[in-house]
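Q: My structure is in work.cif, and what it holds is mmCIF, C-alpha atoms:
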data_input
#
loop_
_atom_site.label_atom_id
_atom_site.label_comp_id
_atom_site.auth_asym_id
_atom_site.auth_seq_id
_atom_site.Cartn_x
_atom_site.Cartn_y
_atom_site.Cartn_z
CA MET P 1 138.94 117.46 111.40
CA GLN P 2 137.65 117.75 107.85
CA ARG P 3 138.62 114.16 107.13
CA LEU P 4 137.37 112.71 110.39
CA LEU P 5 134.04 114.49 110.43
CA PRO P 6 133.08 114.96 106.78
CA HIS P 7 129.45 115.99 107.22
CA PRO P 8 128.72 117.58 110.61
CA LEU P 9 125.08 118.33 109.71
CA LEU P 10 124.48 114.76 108.64
CA THR P 11 126.00 113.52 111.89
CA VAL P 12 123.58 115.60 113.96
CA LEU P 13 120.67 114.49 111.81
CA LEU P 14 121.57 110.80 112.07
CA THR P 15 121.95 111.07 115.85
CA LEU P 16 118.49 112.63 116.07
CA ILE P 17 117.01 109.93 113.86
CA TRP P 18 118.62 107.21 115.99
CA LEU P 19 117.14 108.76 119.14
CA LEU P 20 113.72 108.90 117.47
CA LEU P 21 114.02 105.28 116.37
CA SER P 22 114.98 104.00 119.81
CA ASN P 23 112.36 106.38 121.27
CA SER P 24 114.44 107.33 124.32
CA ILE P 25 117.08 109.87 125.31
CA ALA P 26 119.05 107.60 127.64
CA LEU P 27 122.79 108.31 127.74
CA GLY P 28 123.63 104.92 126.20
CA GLN P 29 121.36 105.54 123.23
CA LEU P 30 122.82 109.04 122.81
CA VAL P 31 126.38 107.66 122.67
CA LEU P 32 125.38 104.90 120.29
CA GLY P 33 123.52 107.42 118.12
CA MET P 34 126.55 109.71 117.97
CA LEU P 35 128.77 106.77 117.09
CA LEU P 36 126.46 105.80 114.22
CA GLY P 37 126.14 109.44 113.21
CA TRP P 38 129.91 109.61 112.89
CA ALA P 39 130.45 106.19 111.28
CA ILE P 40 127.79 106.32 108.57
CA PRO P 41 128.96 109.57 106.88
CA PHE P 42 132.57 108.47 107.33
CA PHE P 43 132.12 105.16 105.53
CA ALA P 44 129.60 106.49 103.02
CA LEU P 45 131.87 109.36 101.98
CA PRO P 46 132.31 108.18 98.36
CA PHE P 47 128.54 108.57 97.83
CA TRP P 48 128.56 112.21 98.95
CA PRO P 49 131.15 113.89 96.77
CA ASP P 50 129.63 117.39 96.99
CA LYS P 51 129.42 119.25 100.21
CA VAL P 52 125.98 120.54 101.06
CA LYS P 53 126.17 124.05 102.37
CA VAL P 54 123.26 126.01 103.76
CA HIS P 55 123.89 129.69 103.08
CA LYS P 56 120.74 131.23 104.49
CA PRO P 57 119.21 129.25 107.35
CA LEU P 58 116.38 131.76 107.70
CA THR P 59 115.34 131.34 104.08
CA LEU P 60 115.46 127.59 104.62
CA LEU P 61 113.02 127.92 107.52
CA LYS P 62 110.73 130.10 105.42
CA PHE P 63 110.94 127.62 102.55
CA THR P 64 110.05 124.75 104.88
CA TYR P 65 107.00 126.69 106.09
CA ILE P 66 105.88 127.45 102.52
CA LEU P 67 106.40 123.79 101.62
CA LEU P 68 104.31 122.46 104.52
CA HIS P 69 101.58 124.99 103.79
CA ASP P 70 101.55 124.04 100.11
CA ILE P 71 101.47 120.31 100.86
CA VAL P 72 98.32 120.71 102.92
CA GLU P 73 96.79 123.05 100.35
CA ALA P 74 97.71 120.65 97.53
CA ASN P 75 95.85 117.86 99.25
CA PHE P 76 92.63 119.82 99.38
CA ILE P 77 93.00 120.82 95.73
CA VAL P 78 93.75 117.26 94.60
CA ALA P 79 90.89 115.90 96.72
CA ALA P 80 88.48 118.39 95.11
CA ARG P 81 89.68 117.39 91.64
CA ILE P 82 89.30 113.67 92.37
CA LEU P 83 85.78 114.13 93.72
CA GLY P 84 84.84 116.42 90.82
CA ASN P 85 84.18 115.36 87.26
CA PRO P 86 87.27 113.60 85.85
CA ALA P 87 86.28 114.52 82.31
CA LYS P 88 86.74 118.21 83.11
CA LEU P 89 90.42 117.91 84.04
CA ARG P 90 92.98 119.40 81.66
CA PRO P 91 96.17 117.43 82.22
CA ALA P 92 99.34 118.50 80.44
CA PHE P 93 103.04 117.80 80.14
CA ILE P 94 105.01 120.97 80.73
CA VAL P 95 108.72 121.53 80.32
CA VAL P 96 109.98 123.77 83.10
CA PRO P 97 113.40 125.32 82.50
CA ILE P 98 115.60 125.40 85.59
CA ASP P 99 118.98 126.91 86.28
CA LEU P 100 120.21 125.24 89.43
CA ASP P 101 123.77 123.98 89.54
CA SER P 102 123.91 121.75 92.56
CA ASP P 103 122.46 118.25 92.35
CA PHE P 104 121.09 118.48 95.86
CA ALA P 105 119.05 121.62 95.16
CA MET P 106 117.75 120.05 91.96
CA SER P 107 116.56 116.88 93.67
CA ILE P 108 114.85 118.96 96.34
CA LEU P 109 113.13 120.98 93.62
CA ALA P 110 111.97 117.79 91.89
CA ASN P 111 110.63 116.41 95.15
CA THR P 112 108.93 119.70 95.93
CA THR P 113 107.07 119.77 92.62
CA CYS P 114 105.81 116.24 93.37
CA LEU P 115 104.24 117.27 96.65
CA THR P 116 102.71 120.57 95.61
CA PRO P 117 99.43 121.36 93.84
CA GLY P 118 98.69 119.23 90.82
CA SER P 119 102.20 118.66 89.54
CA LEU P 120 104.58 115.75 89.32
CA SER P 121 108.13 115.79 88.03
CA ALA P 122 108.62 113.08 85.47
CA LEU P 123 111.92 113.45 83.68
CA LEU P 124 115.13 115.40 84.01
CA ALA P 125 116.66 116.52 80.75
CA PRO P 126 120.15 115.08 80.18
CA ASP P 127 121.67 118.57 80.03
CA ARG P 128 120.11 119.37 83.45
CA LYS P 129 118.51 122.52 82.10
CA SER P 130 114.86 121.53 82.40
CA ILE P 131 112.48 119.11 84.03
CA LEU P 132 109.39 117.59 82.52
CA VAL P 133 106.41 118.10 84.79
CA HIS P 134 103.03 116.46 84.51
CA ALA P 135 100.25 118.72 85.78
CA MET P 136 96.80 117.49 86.63
CA ASP P 137 94.76 120.51 85.66
CA VAL P 138 96.32 123.62 84.11
CA GLU P 139 94.74 126.70 82.66
CA ASP P 140 97.80 128.78 81.94
CA GLU P 141 101.15 127.12 81.32
CA GLU P 142 103.10 130.36 81.65
CA ALA P 143 101.64 131.07 85.07
CA PHE P 144 102.35 127.49 86.14
CA ILE P 145 106.00 127.73 85.15
CA ARG P 146 106.29 131.14 86.81
CA THR P 147 104.89 129.78 90.09
CA ILE P 148 107.44 126.96 90.21
CA LYS P 149 110.27 129.32 89.34
CA THR P 150 109.51 132.08 91.82
CA ARG P 151 107.95 130.09 94.64
CA TYR P 152 110.32 127.12 94.82
CA GLU P 153 113.35 127.59 92.61
CA GLN P 154 114.32 131.09 93.74
CA PRO P 155 114.52 130.26 97.50
CA LEU P 156 116.40 127.02 96.77
CA LYS P 157 118.91 128.92 94.69
CA GLU P 158 119.41 131.39 97.52
CA ILE P 159 119.79 128.65 100.13
CA PHE P 160 122.14 126.19 98.44
CA GLU P 161 124.02 128.31 95.92
CA GLU P 162 125.16 131.94 95.63
CA MET M 1 92.39 112.43 128.81
CA ASN M 2 90.49 115.67 128.43
CA THR M 3 87.73 116.36 125.93
CA LEU M 4 89.60 118.88 123.81
CA LEU M 5 92.43 116.45 123.16
CA GLU M 6 89.95 113.73 122.33
CA ILE M 7 88.24 115.96 119.77
CA LEU M 8 91.59 116.87 118.21
CA LEU M 9 92.58 113.20 117.97
CA SER M 10 89.24 112.19 116.50
CA VAL M 11 89.43 114.94 113.88
CA LEU M 12 93.00 113.96 112.95
CA ILE M 13 92.06 110.28 112.65
CA VAL M 14 88.96 110.86 110.53
CA ALA M 15 90.70 113.46 108.34
CA GLY M 16 93.65 111.15 107.82
CA ALA M 17 91.46 108.22 106.87
CA LEU M 18 89.38 110.43 104.58
CA PHE M 19 92.47 111.67 102.70
CA THR M 20 93.77 108.11 102.42
CA PHE M 21 90.41 107.06 100.98
CA ILE M 22 90.25 109.98 98.53
CA GLY M 23 93.76 109.24 97.31
CA SER M 24 92.79 105.64 96.59
CA LEU M 25 89.53 106.79 95.01
CA GLY M 26 91.63 108.88 92.63
CA LEU M 27 93.64 105.78 91.79
CA ALA M 28 90.48 103.91 90.88
CA ARG M 29 88.51 106.72 89.29
CA LEU M 30 90.73 108.92 87.14
CA ARG M 31 91.13 108.17 83.49
CA ASP M 32 94.79 107.88 82.57
CA PHE M 33 97.89 106.67 84.33
CA TYR M 34 99.57 110.05 84.68
CA THR M 35 96.61 111.72 86.40
CA ARG M 36 96.07 108.62 88.51
CA LEU M 37 99.60 109.07 89.82
CA HIS M 38 98.58 112.33 91.55
CA GLY M 39 96.00 110.85 93.91
CA PRO M 40 98.15 108.38 95.85
CA THR M 41 101.32 110.52 95.95
CA LYS M 42 99.59 113.48 97.57
CA GLY M 43 96.38 112.33 99.21
CA THR M 44 97.60 109.09 100.69
CA THR M 45 100.88 110.53 101.95
CA LEU M 46 99.21 113.34 103.90
CA GLY M 47 96.45 110.99 105.07
CA VAL M 48 98.91 108.54 106.56
CA GLY M 49 100.89 111.51 107.92
CA CYS M 50 97.78 112.71 109.80
CA LEU M 51 97.17 109.23 111.23
CA LEU M 52 100.78 108.95 112.37
CA ILE M 53 100.66 112.36 114.06
CA ALA M 54 97.44 111.28 115.79
CA SER M 55 99.20 108.11 116.94
CA ALA M 56 102.19 110.11 118.25
CA ILE M 57 99.90 112.44 120.24
CA PHE M 58 97.86 109.50 121.52
CA PHE M 59 100.85 107.59 122.88
CA SER M 60 102.58 110.74 124.19
CA THR M 61 99.61 111.70 126.36
CA ARG M 62 99.46 108.30 128.00
CA ASP M 63 101.58 107.40 131.00
CA GLU M 64 104.65 105.95 129.32
CA GLY M 65 106.13 109.30 128.39
CA ILE M 66 106.71 111.05 125.09
CA SER M 67 106.63 108.93 121.95
CA LEU M 68 107.81 110.60 118.79
CA HIS M 69 109.03 107.71 116.69
CA GLU M 70 105.93 107.88 114.49
CA GLY M 71 107.48 111.06 113.13
CA LEU M 72 110.14 108.85 111.59
CA ILE M 73 107.65 107.03 109.36
CA THR M 74 106.03 110.35 108.41
CA LEU M 75 109.41 111.79 107.43
CA PHE M 76 110.31 108.65 105.51
CA LEU M 77 107.02 108.65 103.60
CA PHE M 78 107.35 112.33 102.72
CA ILE M 79 110.84 111.72 101.35
CA THR M 80 110.06 108.51 99.45
CA ALA M 81 106.63 109.31 97.97
CA PRO M 82 107.99 111.82 95.40
CA ILE M 83 110.82 109.47 94.49
CA SER M 84 108.57 106.52 93.75
CA ALA M 85 106.17 108.82 91.86
CA HIS M 86 109.07 110.17 89.79
CA LEU M 87 110.31 106.64 89.01
CA LEU M 88 106.83 105.43 88.10
CA ALA M 89 106.31 108.39 85.76
CA LYS M 90 109.70 107.69 84.20
CA ALA M 91 108.87 104.00 83.72
CA ALA M 92 105.48 104.86 82.21
CA LEU M 93 107.06 107.34 79.78
CA HIS M 94 109.63 104.72 78.86
CA LEU M 95 106.92 102.17 78.11
CA LYS M 96 104.82 104.87 76.38
CA VAL M 97 101.77 104.21 78.50
CA GLU M 98 98.69 105.83 76.96
CA SER M 99 97.76 109.30 78.09
CA LEU M 100 94.84 111.67 77.53
CA VAL M 101 97.22 114.29 76.21
CA PRO M 102 99.93 113.64 73.64
CA LEU M 103 103.14 112.34 75.16
CA PRO M 104 106.12 114.65 74.88
CA ASP M 105 107.87 112.66 72.15
CA GLU M 106 110.92 114.83 71.97
CA ALA M 107 111.70 114.30 75.61
CA ILE M 108 111.19 110.58 75.29
CA GLU M 109 113.49 110.32 72.31
CA ARG M 110 116.18 112.18 74.18
CA LYS M 111 115.69 109.84 77.08
CA ASN M 112 115.96 106.75 74.87
CA LYS M 113 119.11 108.08 73.25
CA GLN M 114 120.60 108.64 76.67
CA HIS M 115 119.52 105.11 77.56
CA GLN M 116 121.32 103.67 74.53
CA GLN M 117 124.45 105.60 75.39
CA TYR M 118 124.22 104.26 78.89
CA HIS M 119 124.09 100.70 77.63
CA SER M 120 126.79 101.13 75.03
CA LEU M 121 129.12 102.07 77.86
CA ASP M 122 129.06 98.60 79.36
CA MET V 1 84.64 109.40 120.87
CA ILE V 2 88.03 108.22 119.70
CA ALA V 3 86.57 104.71 119.45
CA ILE V 4 83.90 105.93 117.01
CA ALA V 5 86.49 107.91 114.99
CA ILE V 6 88.67 104.79 114.78
CA HIS V 7 85.79 102.68 113.54
CA ILE V 8 84.92 105.22 110.83
CA ALA V 9 88.61 105.32 109.87
CA PHE V 10 88.77 101.51 109.71
CA VAL V 11 85.88 101.49 107.24
CA LEU V 12 87.44 104.23 105.09
CA VAL V 13 90.90 102.65 104.98
CA SER V 14 89.46 99.22 104.22
CA ALA V 15 87.45 100.72 101.35
CA ALA V 16 90.66 102.36 100.13
CA LEU V 17 92.41 98.96 100.22
CA ALA V 18 89.57 97.42 98.21
CA LEU V 19 89.87 100.20 95.58
CA ASN V 20 93.62 99.63 95.34
CA PHE V 21 93.08 95.93 94.94
CA TRP V 22 90.58 96.55 92.14
CA ARG V 23 93.16 98.71 90.33
CA LEU V 24 95.79 96.02 90.90
CA LEU V 25 93.60 93.41 89.18
CA LYS V 26 92.38 95.69 86.40
CA GLY V 27 95.67 97.21 85.33
CA PRO V 28 95.71 98.01 82.42
CA SER V 29 99.47 98.71 82.25
CA ALA V 30 102.38 97.49 84.37
CA PRO V 31 103.08 100.92 85.99
CA ASP V 32 99.41 101.03 87.01
CA ARG V 33 99.83 97.77 88.88
CA ILE V 34 103.03 98.94 90.57
CA LEU V 35 101.28 102.15 91.61
CA ALA V 36 98.43 100.08 93.05
CA LEU V 37 100.90 97.97 95.04
CA ASP V 38 102.67 101.11 96.24
CA THR V 39 99.39 102.61 97.48
CA LEU V 40 98.42 99.25 98.96
CA TYR V 41 101.44 99.23 101.24
CA ILE V 42 100.99 102.85 102.32
CA ASN V 43 97.37 102.07 103.20
CA THR V 44 98.51 99.01 105.12
CA ILE V 45 100.69 101.31 107.23
CA ALA V 46 97.59 103.41 107.92
CA LEU V 47 95.67 100.30 108.94
CA LEU V 48 98.46 99.12 111.26
CA VAL V 49 98.74 102.53 112.93
CA LEU V 50 94.98 102.63 113.44
CA PHE V 51 95.03 99.15 114.93
CA GLY V 52 97.85 100.23 117.24
CA ILE V 53 95.73 103.13 118.55
CA HIS V 54 92.69 100.84 118.77
CA ILE V 55 94.28 98.27 121.07
CA GLY V 56 96.48 100.90 122.76
CA SER V 57 99.81 99.22 122.02
CA ALA V 58 102.88 100.69 120.33
CA LEU V 59 103.96 97.18 119.37
CA TYR V 60 102.92 97.59 115.74
CA PHE V 61 105.23 100.55 115.09
CA GLU V 62 108.14 98.36 114.02
CA ALA V 63 105.94 96.45 111.59
CA ALA V 64 104.74 99.73 110.06
CA LEU V 65 108.30 101.02 109.76
CA LEU V 66 109.46 97.81 108.09
CA ILE V 67 106.56 97.88 105.63
CA ALA V 68 107.44 101.50 104.79
CA LEU V 69 111.08 100.60 104.13
CA MET V 70 110.51 97.37 102.23
CA GLY V 71 107.60 98.75 100.22
CA PHE V 72 109.71 101.64 98.97
CA VAL V 73 112.59 99.34 98.04
CA GLY V 74 110.12 97.07 96.23
CA THR V 75 108.62 99.93 94.24
CA VAL V 76 112.04 101.22 93.23
CA ALA V 77 113.18 97.73 92.22
CA MET V 78 110.13 97.13 90.05
CA CYS V 79 110.41 100.55 88.39
CA LYS V 80 114.06 99.93 87.64
CA TYR V 81 113.13 96.59 86.17
CA LEU V 82 110.67 98.30 83.82
CA LEU V 83 113.19 101.00 82.92
CA ARG V 84 116.26 98.86 82.34
CA GLY V 85 115.06 95.25 82.25
CA ASP V 86 117.52 94.62 85.03
CA ILE V 87 117.62 95.39 88.74
CA ILE V 88 121.25 95.07 89.73
CA GLU V 89 123.66 96.13 87.04
#
Show me, as structure tokens, the structure contained in the file I just sent.

A:
Amino acid sequence: MQRLLPHPLLTVLLTLIWLLLSNSIALGQLVLGMLLGWAIPFFALPFWPDKVKVHKPLTLLKFTYILLHDIVEANFIVAARILGNPAKLRPAFIVVPIDLDSDFAMSILANTTCLTPGSLSALLAPDRKSILVHAMDVEDEEAFIRTIKTRYEQPLKEIFEE
Amino acid sequence: MNTLLEILLSVLIVAGALFTFIGSLGLARLRDFYTRLHGPTKGTTLGVGCLLIASAIFFSTRDEGISLHEGLITLFLFITAPISAHLLAKAALHLKVESLVPLPDEAIERKNKQHQQYHSLD
Amino acid sequence: MIAIAIHIAFVLVSAALALNFWRLLKGPSAPDRILALDTLYINTIALLVLFGIHIGSALYFEAALLIALMGFVGTVAMCKYLLRGDIIE
């Protein structure tokens, strides 16, 4: 079972994506989608050495909601900054320490910082203990780091580790 | 098609186009590469997302039945936009592209050292 | 009403494409030009989707999806070239 179906979640996801792509829920498409959903994780197994486990699905839902909310909010903030006076912006490079172990959680955190207000992850330290973030307009670096740590890192740690 | 739906679609289309435009305006207007990177990654992604949602609603409410495959492009853009932004920032730091604020030299040096190690392996 | 909204959107997206093109020509650095290309392809997706709504045909979806895929691969390839001086190692 474990060997034949290495990533059940990925299989479901791929089937859904295939159905979306073919834009129908005919039986034939469903079977083909399930076949692809099984075959792709099976043959791509060497690229997925770590198992992704979701410990708290509810926290994941809450995190997704926060993320969507922040993406929309970020757009309004960035739009206001672009339309405002560019000379007034205070951009900065900030090193944000992180203590996530799993690669998957880390890449999600990096992607999250890219989509949320005025920040952009630029570099991951070789020891995986910090990321370099470029912020568009910061007043208080401490507060900025604290926001990333409590708002995004803490839920991710709860969901994918523990 | 009723009026309420038409208003919703119109608002989504105009909002999407406006965000796309503002993102590109940021690309043209801001003063250094790293701040310019913010406009397209956020504004344009959400703008195109809005347009795609409008398109999905538009085709779903017509006769041919539900059409959700626009969601696929939205999902794809939301996953890839941060990755390309991250890679561009990395490339710019590697080339030491000018910035308004001092570049974090220490981080760059570490990166270059890692780069040399990487190349000495092969 | 949707027709008017689509025409406004066409103007805005075309202006966005012109701005991207200006940044592509002006530079000044290589990452700037790649970023301009990246934004150019995302805006092209917007234009295609708008055109699809305008003529009421879902035919352009595949084109938009392909541009999204190929544009991303192109951006990644160019960034890797800048980072390593090599694309396939």

Q: Give as a ChimeraX atom specification every residue of chain V that touches chain M within 9 Å, counting only C-alpha atoms.

A: /V:1-6,8-20,22-23,29-32,34-36,38-40,42-43,45-46,49-50,52-53,56-58,61,64-65,68-69,72,75-76,79-84

Q: Could you tell me which of V:Leu47, V:Leu25, V:Ile55, V:Glu62 comes closest to chain P if we count all atoms listed in the file?

A: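 Of V:Leu47, V:Leu25, V:Ile55, V:Glu62, the one nearest chain P is V:Glu62, counting all atoms listed in the file.
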
Q: Sorted by chain and rising residue number, which residues of chain P lie within 6 Å of chain M, and what are their closest atom pairs and distances in Å to one decimal, counting all atoms listed in the file, as a Markdown table?

A:
| residue | atom | partner | partner_atom | distance |
| --- | --- | --- | --- | --- |
| P:Leu20 | CA | M:His69 | CA | 4.9 |
| P:Leu21 | CA | M:His69 | CA | 5.6 |
| P:Asn23 | CA | M:His69 | CA | 5.8 |
| P:Asn75 | CA | M:Gly43 | CA | 5.6 |
| P:Ile82 | CA | M:Gly26 | CA | 5.3 |
| P:Pro86 | CA | M:Leu30 | CA | 6.0 |
| P:Asn111 | CA | M:Pro82 | CA | 5.3 |
| P:Cys114 | CA | M:Pro82 | CA | 5.3 |
| P:Ser121 | CA | M:His86 | CA | 6.0 |
| P:Ala122 | CA | M:His86 | CA | 5.2 |
| P:Met136 | CA | M:Thr35 | CA | 5.8 |

Q: Please, could you write that set of residues out with C-alpha atoms as a CSV table (one decimal), in the coordinates of the input?

A:
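File written: part_38.csv
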chain,number,residue,atom,x,y,z
P,20,LEU,CA,113.7,108.9,117.5
P,21,LEU,CA,114.0,105.3,116.4
P,23,ASN,CA,112.4,106.4,121.3
P,75,ASN,CA,95.8,117.9,99.2
P,82,ILE,CA,89.3,113.7,92.4
P,86,PRO,CA,87.3,113.6,85.8
P,111,ASN,CA,110.6,116.4,95.2
P,114,CYS,CA,105.8,116.2,93.4
P,121,SER,CA,108.1,115.8,88.0
P,122,ALA,CA,108.6,113.1,85.5
P,136,MET,CA,96.8,117.5,86.6

Q: Please report the interatomic distance between atom CA of Ala92 of chain P and atom CA of Asp140 of chain P in Å with one decimal.

A: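 Computed distance, atom CA of Ala92 of chain P to atom CA of Asp140 of chain P, equals 10.5 Å.
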
Q: Name the residues in contact with Glu141 of chain P at a cut-off of 12 Å, using all atoms listed in the file, excluding same-chain residues fewer than 6 positions from it; report them as a compact mmCIF listing (two decimals) with C-alpha atoms, in the frame of the given file.

A:
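Output below, filename around.txt:
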# COMPACT_ATOMS: atom_id res chain seq x y z
CA ARG P 90 92.98 119.40 81.66
CA PRO P 91 96.17 117.43 82.22
CA ALA P 92 99.34 118.50 80.44
CA PHE P 93 103.04 117.80 80.14
CA ILE P 94 105.01 120.97 80.73
CA VAL P 95 108.72 121.53 80.32
CA VAL P 96 109.98 123.77 83.10
CA SER P 119 102.20 118.66 89.54
CA VAL P 133 106.41 118.10 84.79
CA HIS P 134 103.03 116.46 84.51
CA ALA P 135 100.25 118.72 85.78
CA THR P 147 104.89 129.78 90.09
CA ILE P 148 107.44 126.96 90.21

Q: When the PyMOL selection byres ((chain P and resi 62-73) around 9) is applied to the structure above, which residues does it catch, written out as a list in words?

A: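 Answer for the PyMOL selection byres ((chain P and resi 62-73) around 9): Pro57, Leu58, Thr59, Leu60, Leu61, Ala74, Asn75, Phe76, Ile77, Val78, Thr112, Leu115, Thr116, Pro117, Arg151, Tyr152, Pro155 and Leu156 of chain P; Lys42 and Leu46 of chain M.
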
Q: Of the residues P:Asp137, P:Glu153, P:Ala79, P:Leu9, which is the one nearest to Thr113 of chain P, using all atoms listed in the file?

A: P:Glu153

Q: Distance atom CA of Leu36 of chain P-atom CA of Val54 of chain P, one decimal place?

A: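 Going from atom CA of Leu36 of chain P over to atom CA of Val54 of chain P, I get 23.0 Å.
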
Q: Could you list, as an MDAnalysis selection string, every residue within 8 Å of Val12 of chain P, counting only C-alpha atoms and ignoring same-chain residues fewer than 4 positions away?

A: chainID P and resid 8 16 34 37

Q: Expressed in Å to a single decimal, how great is the separation between atom CA of Ala105 of chain P and atom CA of Leu132 of chain P?

A: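 Separation between atom CA of Ala105 of chain P and atom CA of Leu132 of chain P: 16.4 Å.
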
Q: Expand the PyMOL selection byres ((chain P and resi 159) around 6) into the individual residues it matches in the shown file, reporting them as an MDAnalysis selection string.

A: chainID P and resid 54:56 156:158 160:161

Q: Next, the residues of the selection above should be written as a tab-separated table (two decimals), in the coordinates of the input with C-alpha atoms.

A:
chain	number	residue	atom	x	y	z
P	54	VAL	CA	123.26	126.01	103.76
P	55	HIS	CA	123.89	129.69	103.08
P	56	LYS	CA	120.74	131.23	104.49
P	156	LEU	CA	116.40	127.02	96.77
P	157	LYS	CA	118.91	128.92	94.69
P	158	GLU	CA	119.41	131.39	97.52
P	160	PHE	CA	122.14	126.19	98.44
P	161	GLU	CA	124.02	128.31	95.92
